Every structure is written in structure tokens, then in C-alpha cells.
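Asker: Structure file upload-v6.pdb, PDB, C-alpha atoms and all ligand atoms, is pasted below:
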```
ATOM      1  CA  MET E   1      11.597  -4.760  18.710
ATOM      2  CA  ARG E   2       8.408  -5.459  16.772
ATOM      3  CA  GLN E   3       7.473  -3.168  13.908
ATOM      4  CA  LYS E   4       4.386  -1.037  14.333
ATOM      5  CA  LEU E   5       1.709  -1.749  11.745
ATOM      6  CA  VAL E   6      -1.265   0.609  11.584
ATOM      7  CA  VAL E   7      -4.466  -0.298   9.740
ATOM      8  CA  PHE E   8      -6.896   2.480   8.809
ATOM      9  CA  SER E   9     -10.218   0.950   7.782
ATOM     10  CA  GLY E  10     -13.460   2.221   6.286
ATOM     11  CA  ALA E  11     -16.852   0.844   5.390
ATOM     12  CA  GLY E  12     -15.471  -1.277   2.512
ATOM     13  CA  ILE E  13     -13.852  -3.741   4.918
ATOM     14  CA  SER E  14     -17.279  -4.684   6.285
ATOM     15  CA  ALA E  15     -19.055  -4.768   2.899
ATOM     16  CA  GLU E  16     -18.507  -8.500   2.510
ATOM     17  CA  SER E  17     -19.955  -9.035   5.975
ATOM     18  CA  GLY E  18     -23.177  -7.635   4.528
ATOM     19  CA  LEU E  19     -22.977  -4.103   5.977
ATOM     20  CA  ALA E  20     -23.678  -1.369   3.438
ATOM     21  CA  THR E  21     -21.034   1.245   2.646
ATOM     22  CA  PHE E  22     -22.009   4.918   2.541
ATOM     23  CA  ARG E  23     -21.092   6.088  -0.935
ATOM     24  CA  ASP E  24     -21.403   3.033  -3.192
ATOM     25  CA  ASN E  25     -25.172   3.350  -3.615
ATOM     26  CA  ASP E  26     -25.944   6.768  -5.124
ATOM     27  CA  GLY E  27     -25.073   8.439  -1.853
ATOM     28  CA  LEU E  28     -27.857   6.623  -0.050
ATOM     29  CA  TRP E  29     -27.251   4.629   3.080
ATOM     30  CA  GLU E  30     -29.878   1.897   3.368
ATOM     31  CA  ASN E  31     -32.285   4.100   1.348
ATOM     32  CA  HIS E  32     -31.736   7.172   3.518
ATOM     33  CA  ASP E  33     -29.828  10.293   2.620
ATOM     34  CA  VAL E  34     -27.146  10.234   5.326
ATOM     35  CA  HIS E  35     -27.996  13.861   6.139
ATOM     36  CA  GLU E  36     -31.523  12.794   7.089
ATOM     37  CA  VAL E  37     -30.272  10.430   9.739
ATOM     38  CA  ALA E  38     -26.666  11.196  10.613
ATOM     39  CA  THR E  39     -26.585  14.824  11.670
ATOM     40  CA  MET E  40     -27.376  16.719  14.856
ATOM     41  CA  GLY E  41     -30.102  18.539  12.894
ATOM     42  CA  ALA E  42     -31.754  15.205  12.078
ATOM     43  CA  TRP E  43     -31.631  14.180  15.742
ATOM     44  CA  ARG E  44     -33.202  17.474  16.838
ATOM     45  CA  ALA E  45     -35.905  17.286  14.154
ATOM     46  CA  ASN E  46     -36.846  13.626  14.532
ATOM     47  CA  PRO E  47     -34.956  11.729  17.223
ATOM     48  CA  ALA E  48     -37.282   8.730  16.997
ATOM     49  CA  LEU E  49     -36.471   8.268  13.287
ATOM     50  CA  VAL E  50     -32.726   8.540  13.952
ATOM     51  CA  GLN E  51     -33.022   6.102  16.850
ATOM     52  CA  ARG E  52     -34.961   3.605  14.666
ATOM     53  CA  PHE E  53     -32.416   3.920  11.875
ATOM     54  CA  TYR E  54     -29.499   3.157  14.193
ATOM     55  CA  ASN E  55     -31.429   0.370  15.929
ATOM     56  CA  GLU E  56     -31.807  -1.288  12.543
ATOM     57  CA  ARG E  57     -28.090  -0.803  11.784
ATOM     58  CA  ARG E  58     -27.259  -2.237  15.233
ATOM     59  CA  ARG E  59     -29.389  -5.260  14.602
ATOM     60  CA  GLN E  60     -27.575  -5.843  11.292
ATOM     61  CA  VAL E  61     -24.173  -5.440  12.958
ATOM     62  CA  ARG E  62     -25.091  -7.962  15.652
ATOM     63  CA  ASP E  63     -26.218 -10.444  12.998
ATOM     64  CA  ALA E  64     -23.103  -9.917  10.855
ATOM     65  CA  SER E  65     -19.820 -11.771  11.268
ATOM     66  CA  PRO E  66     -16.252 -10.652  10.661
ATOM     67  CA  ASN E  67     -14.948 -11.625   7.219
ATOM     68  CA  ALA E  68     -11.574 -12.849   5.979
ATOM     69  CA  ALA E  69     -10.212  -9.284   5.937
ATOM     70  CA  HIS E  70     -10.942  -8.606   9.620
ATOM     71  CA  GLU E  71      -9.552 -12.039  10.469
ATOM     72  CA  ALA E  72      -6.337 -11.531   8.494
ATOM     73  CA  ILE E  73      -5.755  -8.189  10.245
ATOM     74  CA  ALA E  74      -6.100  -9.919  13.626
ATOM     75  CA  ARG E  75      -3.431 -12.465  12.543
ATOM     76  CA  LEU E  76      -0.929  -9.644  11.984
ATOM     77  CA  GLU E  77      -0.593  -9.458  15.785
ATOM     78  CA  ASP E  78       1.496 -12.663  15.637
ATOM     79  CA  VAL E  79       4.346 -10.618  14.177
ATOM     80  CA  PHE E  80       3.600  -6.897  14.418
ATOM     81  CA  ASP E  81       2.587  -4.447  17.075
ATOM     82  CA  VAL E  82      -0.782  -3.666  15.454
ATOM     83  CA  ALA E  83      -3.120  -0.721  15.962
ATOM     84  CA  VAL E  84      -6.393  -0.451  14.058
ATOM     85  CA  VAL E  85      -7.870   2.999  13.533
ATOM     86  CA  THR E  86     -11.323   2.562  12.061
ATOM     87  CA  GLN E  87     -14.009   4.866  10.722
ATOM     88  CA  ASN E  88     -16.463   2.028  11.204
ATOM     89  CA  ILE E  89     -19.001   1.986  13.984
ATOM     90  CA  ASP E  90     -19.344  -1.808  13.866
ATOM     91  CA  ASP E  91     -17.372  -4.113  16.176
ATOM     92  CA  LEU E  92     -16.188  -6.616  13.575
ATOM     93  CA  HIS E  93     -12.465  -5.913  14.100
ATOM     94  CA  GLU E  94     -12.821  -6.726  17.810
ATOM     95  CA  ARG E  95     -14.897  -9.831  17.129
ATOM     96  CA  ALA E  96     -12.229 -11.042  14.689
ATOM     97  CA  GLY E  97      -9.652 -10.775  17.501
ATOM     98  CA  SER E  98      -7.943  -7.407  17.009
ATOM     99  CA  SER E  99      -6.928  -6.156  20.445
ATOM    100  CA  ASP E 100      -6.220  -2.476  19.807
ATOM    101  CA  VAL E 101      -9.023  -0.720  17.906
ATOM    102  CA  LEU E 102      -9.759   3.013  17.954
ATOM    103  CA  HIS E 103     -13.217   3.934  16.631
ATOM    104  CA  ILE E 104     -12.864   7.522  15.518
ATOM    105  CA  HIS E 105     -16.534   7.759  14.462
ATOM    106  CA  GLY E 106     -17.827   5.999  17.553
ATOM    107  CA  GLN E 107     -19.405   2.620  18.239
ATOM    108  CA  ILE E 108     -22.939   1.579  17.430
ATOM    109  CA  VAL E 109     -22.947  -0.976  20.227
ATOM    110  CA  ARG E 110     -22.709   1.825  22.795
ATOM    111  CA  SER E 111     -25.016   4.656  23.818
ATOM    112  CA  ARG E 112     -24.067   8.143  24.910
ATOM    113  CA  SER E 113     -25.627  10.873  26.986
ATOM    114  CA  SER E 114     -26.929  13.737  24.879
ATOM    115  CA  VAL E 115     -25.705  16.317  27.411
ATOM    116  CA  ASP E 116     -22.327  14.876  28.462
ATOM    117  CA  SER E 117     -20.328  13.079  25.769
ATOM    118  CA  SER E 118     -18.050  11.492  28.384
ATOM    119  CA  LEU E 119     -20.959   9.330  29.588
ATOM    120  CA  THR E 120     -21.186   6.252  27.371
ATOM    121  CA  TYR E 121     -22.717   2.853  28.096
ATOM    122  CA  PRO E 122     -22.845  -0.573  26.457
ATOM    123  CA  ILE E 123     -26.213  -1.323  24.834
ATOM    124  CA  ASP E 124     -27.776  -4.582  25.885
ATOM    125  CA  GLY E 125     -29.361  -6.107  22.766
ATOM    126  CA  TRP E 126     -30.018  -4.206  19.547
ATOM    127  CA  GLU E 127     -32.512  -1.596  20.643
ATOM    128  CA  LEU E 128     -32.003   1.826  22.222
ATOM    129  CA  SER E 129     -35.365   3.421  22.966
ATOM    130  CA  MET E 130     -36.688   6.928  23.369
ATOM    131  CA  GLY E 131     -37.127   7.438  27.100
ATOM    132  CA  GLU E 132     -33.893   5.614  28.048
ATOM    133  CA  LEU E 133     -31.916   8.186  29.995
ATOM    134  CA  CYS E 134     -28.323   8.743  31.066
ATOM    135  CA  GLU E 135     -27.435   9.213  34.738
ATOM    136  CA  LYS E 136     -27.940  12.982  34.294
ATOM    137  CA  GLY E 137     -31.455  12.436  33.014
ATOM    138  CA  SER E 138     -30.929  13.166  29.304
ATOM    139  CA  GLN E 139     -32.038  10.962  26.421
ATOM    140  CA  LEU E 140     -29.469   8.368  25.366
ATOM    141  CA  ARG E 141     -28.327   8.578  21.723
ATOM    142  CA  PRO E 142     -26.097   6.259  19.708
ATOM    143  CA  ASP E 143     -22.404   6.769  20.537
ATOM    144  CA  VAL E 144     -21.539   7.709  16.973
ATOM    145  CA  VAL E 145     -20.087  10.858  15.420
ATOM    146  CA  TRP E 146     -22.528  12.627  13.109
ATOM    147  CA  PHE E 147     -21.771  14.950  10.199
ATOM    148  CA  GLY E 148     -20.958  18.388  11.555
ATOM    149  CA  GLU E 149     -19.782  17.040  14.924
ATOM    150  CA  SER E 150     -16.171  17.170  15.996
ATOM    151  CA  VAL E 151     -14.042  14.046  16.043
ATOM    152  CA  PRO E 152     -12.503  14.071  19.513
ATOM    153  CA  LEU E 153     -10.243  11.086  18.849
ATOM    154  CA  MET E 154      -8.484  12.726  15.871
ATOM    155  CA  SER E 155      -5.329  13.739  17.719
ATOM    156  CA  GLU E 156      -4.925  10.298  19.251
ATOM    157  CA  ALA E 157      -5.507   8.761  15.795
ATOM    158  CA  SER E 158      -2.905  11.094  14.232
ATOM    159  CA  ARG E 159      -0.340  10.086  16.852
ATOM    160  CA  ILE E 160      -1.002   6.403  16.153
ATOM    161  CA  VAL E 161      -0.688   6.872  12.381
ATOM    162  CA  ALA E 162       2.534   8.860  12.853
ATOM    163  CA  SER E 163       4.005   5.924  14.784
ATOM    164  CA  ALA E 164       3.512   3.440  11.907
ATOM    165  CA  ASP E 165       6.375   1.530  10.305
ATOM    166  CA  VAL E 166       3.864  -0.062   7.914
ATOM    167  CA  PHE E 167       0.527   1.566   7.025
ATOM    168  CA  VAL E 168      -2.460  -0.204   5.477
ATOM    169  CA  VAL E 169      -5.674   1.522   4.363
ATOM    170  CA  VAL E 170      -8.652  -0.732   3.616
ATOM    171  CA  GLY E 171     -12.004   0.080   2.016
ATOM    172  CA  SER E 172     -12.369   3.833   2.329
ATOM    173  CA  SER E 173     -13.326   6.462  -0.233
ATOM    174  CA  LEU E 174     -11.208   8.931   1.814
ATOM    175  CA  GLN E 175     -13.825  11.585   1.170
ATOM    176  CA  VAL E 176     -14.815  12.335   4.735
ATOM    177  CA  TYR E 177     -12.758  14.806   6.736
ATOM    178  CA  PRO E 178     -11.060  15.141   9.098
ATOM    179  CA  ALA E 179     -10.629  11.322   9.025
ATOM    180  CA  ALA E 180      -9.232  11.309   5.479
ATOM    181  CA  ASP E 181      -6.408  13.642   6.555
ATOM    182  CA  LEU E 182      -4.938  10.851   8.662
ATOM    183  CA  ILE E 183      -3.070   9.448   5.653
ATOM    184  CA  TYR E 184      -0.932  12.604   5.656
ATOM    185  CA  HIS E 185       0.380  11.848   9.139
ATOM    186  CA  VAL E 186       2.385   8.826   7.985
ATOM    187  CA  ARG E 187       6.133   9.378   8.276
ATOM    188  CA  PRO E 188       8.172   9.539   5.045
ATOM    189  CA  GLY E 189       9.651   6.220   3.934
ATOM    190  CA  VAL E 190       6.965   4.057   5.521
ATOM    191  CA  LEU E 191       5.539   1.234   3.365
ATOM    192  CA  LYS E 192       1.943   2.128   2.461
ATOM    193  CA  TYR E 193      -0.769  -0.115   1.032
ATOM    194  CA  PHE E 194      -4.352   0.636  -0.054
ATOM    195  CA  VAL E 195      -6.778  -2.280  -0.507
ATOM    196  CA  ASP E 196      -9.945  -1.170  -2.300
ATOM    197  CA  PRO E 197     -11.455  -2.210  -5.657
ATOM    198  CA  ALA E 198     -12.002   1.489  -6.405
ATOM    199  CA  GLY E 199     -11.307   4.418  -4.074
ATOM    200  CA  PRO E 200      -9.339   7.527  -5.050
ATOM    201  CA  GLY E 201      -7.293   7.059  -8.231
ATOM    202  CA  THR E 202      -4.434   9.071  -6.785
ATOM    203  CA  MET E 203      -3.153   6.673  -4.160
ATOM    204  CA  GLU E 204      -0.182   5.459  -6.223
ATOM    205  CA  SER E 205       1.011   9.006  -6.784
ATOM    206  CA  GLN E 206       0.936   9.380  -3.000
ATOM    207  CA  GLY E 207       3.268   6.427  -2.549
ATOM    208  CA  PHE E 208       0.675   3.713  -1.839
ATOM    209  CA  GLU E 209       0.672   0.311  -3.474
ATOM    210  CA  HIS E 210      -2.992   0.124  -4.552
ATOM    211  CA  ILE E 211      -4.298  -3.454  -4.373
ATOM    212  CA  ARG E 212      -7.497  -3.304  -6.442
ATOM    213  CA  GLU E 213      -9.314  -6.190  -4.795
ATOM    214  CA  LYS E 214     -12.225  -6.582  -2.469
ATOM    215  CA  ALA E 215     -11.080  -6.603   1.131
ATOM    216  CA  ALA E 216     -11.819 -10.287   1.811
ATOM    217  CA  VAL E 217      -9.474 -11.210  -1.058
ATOM    218  CA  GLY E 218      -6.897  -8.421  -1.030
ATOM    219  CA  VAL E 219      -6.261  -8.167   2.700
ATOM    220  CA  PRO E 220      -5.470 -11.873   3.273
ATOM    221  CA  LEU E 221      -3.098 -11.755   0.248
ATOM    222  CA  LEU E 222      -1.333  -8.691   1.643
ATOM    223  CA  VAL E 223      -1.180 -10.172   5.148
ATOM    224  CA  GLU E 224       0.452 -13.340   3.792
ATOM    225  CA  ARG E 225       3.100 -11.174   2.140
ATOM    226  CA  LEU E 226       3.674  -9.121   5.298
ATOM    227  CA  LEU E 227       3.887 -12.164   7.536
ATOM    228  CA  GLY E 228       6.120 -13.750   4.827
TER     229      GLY E 228
HETATM  230  N1  LIG E 301     -13.740  -4.355  -0.193
HETATM  231  C1  LIG E 301     -12.981  -3.244  -0.051
HETATM  232  N2  LIG E 301     -13.427  -2.016  -0.336
HETATM  233  C2  LIG E 301     -14.698  -1.902  -0.770
HETATM  234  C3  LIG E 301     -15.545  -3.017  -0.944
HETATM  235  C4  LIG E 301     -15.008  -4.297  -0.633
HETATM  236  N3  LIG E 301     -15.730  -5.415  -0.764
HETATM  237  N4  LIG E 301     -16.753  -2.577  -1.398
HETATM  238  C5  LIG E 301     -16.647  -1.242  -1.476
HETATM  239  N5  LIG E 301     -15.416  -0.827  -1.116
HETATM  240  C6  LIG E 301     -14.852   0.513  -1.051
HETATM  241  C7  LIG E 301     -15.399   1.511  -2.044
HETATM  242  O1  LIG E 301     -14.692   1.401  -3.281
HETATM  243  C8  LIG E 301     -15.137   2.837  -1.342
HETATM  244  O2  LIG E 301     -13.846   3.349  -1.659
HETATM  245  O3  LIG E 301     -15.179   1.038   0.218
HETATM  246  C9  LIG E 301     -15.183   2.458   0.144
HETATM  247  C10 LIG E 301     -16.405   2.925   0.881
HETATM  248  O4  LIG E 301     -16.404   4.311   0.954
HETATM  249  P1  LIG E 301     -17.467   5.075   1.871
HETATM  250  O5  LIG E 301     -18.796   4.454   1.654
HETATM  251  O6  LIG E 301     -17.299   6.528   1.593
HETATM  252  O7  LIG E 301     -17.018   4.703   3.358
HETATM  253  P2  LIG E 301     -15.934   5.386   4.301
HETATM  254  O8  LIG E 301     -14.766   5.877   3.530
HETATM  255  O9  LIG E 301     -15.700   4.452   5.428
HETATM  256  O10 LIG E 301     -16.766   6.623   4.831
HETATM  257  C11 LIG E 301     -16.219   7.420   5.826
HETATM  258  O11 LIG E 301     -18.317   8.554   6.092
HETATM  259  O12 LIG E 301     -20.617   8.572   6.367
HETATM  260  C12 LIG E 301     -19.394   8.667   6.991
HETATM  261  O13 LIG E 301     -18.977   8.307   9.256
HETATM  262  C13 LIG E 301     -19.204   7.625   8.052
HETATM  263  O14 LIG E 301     -17.198   6.485   8.717
HETATM  264  C14 LIG E 301     -17.961   6.898   7.609
HETATM  265  C15 LIG E 301     -17.259   7.923   6.760
END
```
Output the file's structure in the form of C-alpha cells.
Ligand code: APR

Answerer:
Amino acid sequence: MRQKLVVFSGAGISAESGLATFRDNDGLWENHDVHEVATMGAWRANPALVQRFYNERRRQVRDASPNAAHEAIARLEDVFDVAVVTQNIDDLHERAGSSDVLHIHGQIVRSRSSVDSSLTYPIDGWELSMGELCEKGSQLRPDVVWFGESVPLMSEASRIVASADVFVVVGSSLQVYPAADLIYHVRPGVLKYFVDPAGPGTMESQGFEHIREKAAVGVPLLVERLLG
């Protein structure tokens, strides 16, 4: 039976694809305070601004390509039963070839009804406009989880993490909850790795091998070892 390898990724894995992280730039995300653009309050106050912000992010995601870290993770499927749980709203894991990806904070390439969260749709192109409506007649919003919103996929993500025989965290400050709690669902005795040039300084004391490299360097090195 193949071993189960679970990857938990954050914004750092896509940094070398040119997509900005959230907390490496004085708490600003592309010159916006995240609270101005990534909360339900922001959407209520100025939906057009929020829509424009995410349209710009979507355009960047579409123009970006997976990097060596996403590609190395896809190669793990040759040997392991791999599940990726990502905080990222980009689709770079899928485009690199990973076949099992759970986006706990949603997907920027999809839209969602603002009255019924079960109604989501693929977005054709990069732009979602004010006036585009769901089948129940409400404005479509990006299918992403904002600060203050619940994370409906948390229990599924916890189950996946609890099934890991090998656990790899890549490029996350582990400051955003409930996502950051996922690392506590790993079973005792499981091999744990953390690839991030910085990140919390406490990972070793929590049983992780901390590989202090950028993802596009550190992940391929780790994958070579694991595929050994
Ligand atoms: N390779 C690997 N890691 C990197 C790189 C790189 N090239 N560059 C930066 N990092 C690391 C940083 O050291 C930091 O630990 O990526 C991490 C980025 O942290 P955050 O910006 O906080 O991103 P993340 O942990 O994914 O944020 C979680 O916050 O705003 C919300 O919903 C959003 O999903 C996001 C969540």
C-alpha cells in the first residue's frame, strides 16, 4: 500500500511564480491593507473596489506559471498517495499536475453567489463584473474565504491531515486561524517537514525538520530525498 503524503501550502509556495504573499510586505497585500479588500465589511462598503482588486489578482494568477516547487509536489504522485491542502486561492498546484487539491480559502478562478454559498461557477477570463448574477439573481463575488468568514472545508482538511504518513508544510507564516491549527491534527510519529526561509521559529520544537530555503529550491531537494 502506498504511503499517504499530505502537503499543506501557503502563499510562500507561489512567491517565486510572482504572486505576492500576505505578510512579507509590512502587512500590505499589493498595497492594500487586507482588511480593506478581504472582509465581508469591505464587500458591503465597496463591492466594486473588492471586485477590481480580485480581478487584478485573477489576471496575475492567469499570467503566472507553476514553479519548481509546485512541479516537484506533482512528481510525488509517482510514489505516494498525495493530497494537497492549500490556503492559496491560485490554481498553480493543479496546473503543475497535482490531482488532489483542497482549497480551504477558496479559488480565485471561480465565482460564488452572494446569497447561496453552494452555488459556484468557473470564471471565463480574468474579469468578474458588477451586475453578473447567480441563478438566484444575486451579485456574483469571488469564491474566496474572507477574514471573519467561516472555513467550511476545515473538517475535511483536518481528516486529510490526520491521515498523513508524511506531512510537508510549505511557505506559510501559520498565523491565520483556523487554517494554522491543521498542523496539530497530524498523528504522532509522522515525519514532518517545513520548507520556508523564515516562518515560525518554533517548528523544530514541534517535531518538524525546518528546511530554511525558498520553496523552488527546498521543495525539489526534499522531494528528491522522499522519492529516494
Ligand atoms: N518560498 C517559501 N516560502 C516563502 C517564500 C518562498 N520563496 N517567500 C516567502 N515565504 C514564506 C514567508 O516566510 C512566510 O512564512 O511564506 C510565508 C507567507 O506567509 P503569509 O503571507 O502569512 O501567507 P499564508 O501563511 O499563506 O497566509 C495564510 O492568510 O490572508 C490570508 O487567506 C489568506 O491564505 C491566506 C492566509

Asker: Which protein, DNA or RNA residues have an atom at most 9 Å from (3.5, -10.8, 10.9), counting only C-alpha atoms? List them as a CSV table (one decimal) with C-alpha atoms, in the frame of the given file.

Answerer:
```
chain,number,residue,atom,x,y,z
E,75,ARG,CA,-3.4,-12.5,12.5
E,76,LEU,CA,-0.9,-9.6,12.0
E,77,GLU,CA,-0.6,-9.5,15.8
E,78,ASP,CA,1.5,-12.7,15.6
E,79,VAL,CA,4.3,-10.6,14.2
E,80,PHE,CA,3.6,-6.9,14.4
E,81,ASP,CA,2.6,-4.4,17.1
E,223,VAL,CA,-1.2,-10.2,5.1
E,224,GLU,CA,0.5,-13.3,3.8
E,225,ARG,CA,3.1,-11.2,2.1
E,226,LEU,CA,3.7,-9.1,5.3
E,227,LEU,CA,3.9,-12.2,7.5
E,228,GLY,CA,6.1,-13.8,4.8
```

Asker: Using all atoms listed in the file, which residues have at least one atom no more than 9 Å from ligand LIG 301 (chain E)? Output them as a PyMOL selection string.

Answerer: chain E and resi 9-17+20-25+27+29+34+38+69+86-89+104-106+144-147+170-177+179-180+195-200+212-219

Asker: Let me know the residues the PyMOL selection byres (((chain E and resi 158) around 9) and not hetatm) catches in the file above, as a list in words.

Answerer: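 Applied to this file, the PyMOL selection byres (((chain E and resi 158) around 9) and not hetatm) returns Leu153, Met154, Ser155, Glu156, Ala157, Arg159, Ile160, Val161, Ala162, Ser163, Asp181, Leu182, Ile183, Tyr184, His185 and Val186 of chain E.
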
Asker: Hey, what comes out of the PyMOL selection byres (((chain E and resi 116) around 12) and not hetatm) on this file? Could you write it as a list in words?

Answerer: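 In the shown coordinates, the PyMOL selection byres (((chain E and resi 116) around 12) and not hetatm) covers Ser111, Arg112, Ser113, Ser114, Val115, Ser117, Ser118, Leu119, Thr120, Leu133, Cys134, Glu135, Lys136, Gly137, Ser138, Gln139, Leu140, Arg141 and Asp143 of chain E.
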
Asker: One number please: atom CA of Val6 of chain E to atom CA of Val85 of chain E, in Å, one decimal.

Answerer: 7.3 Å

Asker: Show which residues sit within 8 Å of Asp90 of chain E, as a ChimeraX atom specification. Count all atoms listed in the file, and ignore same-chain residues fewer than 4 positions away.

Answerer: /E:61,107-109

Asker: Which polymer residues have any atom within 9 Å of an atom of Glu209 of chain E, counting all atoms listed in the file, with same-chain residues fewer than 3 positions away left out, as a count of residues only?

Answerer: 7

Asker: Give as a list in words the residues that the PyMOL selection byres (((chain E and resi 126) around 9) and not hetatm) matches when applied to the coordinates above.

Answerer: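 Applying the expression gives Asn55, Glu56, Arg57, Arg58, Arg59, Gln60, Val61, Arg62, Val109, Ile123, Asp124, Gly125, Glu127 and Leu128 of chain E.
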
Asker: Just how far from atom CA of Ala64 of chain E is atom CA of Gly18 of chain E, in Å to one decimal?

Answerer: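 Taking atom CA of Gly18 of chain E as the start and atom CA of Ala64 of chain E as the end point, the length is 6.7 Å.
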
Asker: Between E:Arg187, E:Ser129, E:Glu30, E:Ser99, which residue has the minimum interatomic distance to Ala48 of chain E, considering only C-alpha atoms?

Answerer: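 Closest candidate: E:Ser129.
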
Asker: For a cut-off of 8 Å around (-9.1, -4.5, 13.3), file coordinates, pick out all residues using only C-alpha atoms and list them as a PyMOL selection string.

Answerer: chain E and resi 7+9+70+73-74+83-86+92-94+96-101

Asker: Got a minute to add all heavy atoms to segment 79-87 of chain E and dump it as a short mmCIF file (atom, residue, chain, number, x, y, z; two decimals), in the coordinates of the input?

Answerer:
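After the write, selection.cif holds the following:
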```cif
data_model
loop_
_atom_site.label_atom_id
_atom_site.label_comp_id
_atom_site.auth_asym_id
_atom_site.auth_seq_id
_atom_site.Cartn_x
_atom_site.Cartn_y
_atom_site.Cartn_z
N VAL E 79 3.02 -11.10 14.57
CA VAL E 79 4.35 -10.62 14.18
C VAL E 79 4.54 -9.12 14.46
O VAL E 79 5.64 -8.69 14.82
CB VAL E 79 4.56 -10.91 12.66
CG1 VAL E 79 5.79 -10.19 12.13
CG2 VAL E 79 4.68 -12.41 12.43
N PHE E 80 3.48 -8.36 14.30
CA PHE E 80 3.60 -6.90 14.42
C PHE E 80 2.93 -6.40 15.69
O PHE E 80 2.05 -7.06 16.26
CB PHE E 80 2.92 -6.21 13.23
CG PHE E 80 3.58 -6.45 11.90
CD1 PHE E 80 3.15 -7.49 11.08
CD2 PHE E 80 4.63 -5.65 11.47
CE1 PHE E 80 3.75 -7.72 9.84
CE2 PHE E 80 5.24 -5.87 10.24
CZ PHE E 80 4.80 -6.91 9.43
N ASP E 81 3.32 -5.21 16.07
CA ASP E 81 2.59 -4.45 17.08
C ASP E 81 1.51 -3.69 16.28
O ASP E 81 1.82 -2.75 15.55
CB ASP E 81 3.60 -3.50 17.74
CG ASP E 81 2.97 -2.59 18.75
OD1 ASP E 81 1.80 -2.80 19.08
OD2 ASP E 81 3.67 -1.66 19.19
N VAL E 82 0.26 -4.15 16.36
CA VAL E 82 -0.78 -3.67 15.45
C VAL E 82 -1.74 -2.70 16.16
O VAL E 82 -2.19 -2.97 17.27
CB VAL E 82 -1.62 -4.85 14.90
CG1 VAL E 82 -2.71 -4.34 13.94
CG2 VAL E 82 -0.73 -5.87 14.19
N ALA E 83 -2.03 -1.60 15.50
CA ALA E 83 -3.12 -0.72 15.96
C ALA E 83 -4.08 -0.54 14.79
O ALA E 83 -3.65 -0.31 13.66
CB ALA E 83 -2.58 0.63 16.40
N VAL E 84 -5.37 -0.69 15.07
CA VAL E 84 -6.39 -0.45 14.06
C VAL E 84 -7.07 0.87 14.39
O VAL E 84 -7.55 1.07 15.51
CB VAL E 84 -7.44 -1.59 14.04
CG1 VAL E 84 -8.54 -1.29 13.02
CG2 VAL E 84 -6.77 -2.94 13.75
N VAL E 85 -7.09 1.76 13.42
CA VAL E 85 -7.87 3.00 13.53
C VAL E 85 -9.00 2.83 12.52
O VAL E 85 -8.74 2.66 11.33
CB VAL E 85 -7.02 4.23 13.18
CG1 VAL E 85 -7.87 5.50 13.20
CG2 VAL E 85 -5.83 4.36 14.14
N THR E 86 -10.23 2.82 13.00
CA THR E 86 -11.32 2.56 12.06
C THR E 86 -12.33 3.69 12.05
O THR E 86 -12.60 4.31 13.09
CB THR E 86 -12.01 1.20 12.35
OG1 THR E 86 -12.97 0.94 11.30
CG2 THR E 86 -12.73 1.18 13.70
N GLN E 87 -12.89 3.93 10.84
CA GLN E 87 -14.01 4.87 10.72
C GLN E 87 -15.32 4.13 10.99
O GLN E 87 -16.37 4.74 11.04
CB GLN E 87 -14.04 5.45 9.31
CG GLN E 87 -12.80 6.25 8.96
CD GLN E 87 -12.74 6.54 7.46
OE1 GLN E 87 -13.27 7.53 6.98
NE2 GLN E 87 -12.07 5.67 6.71
#
```
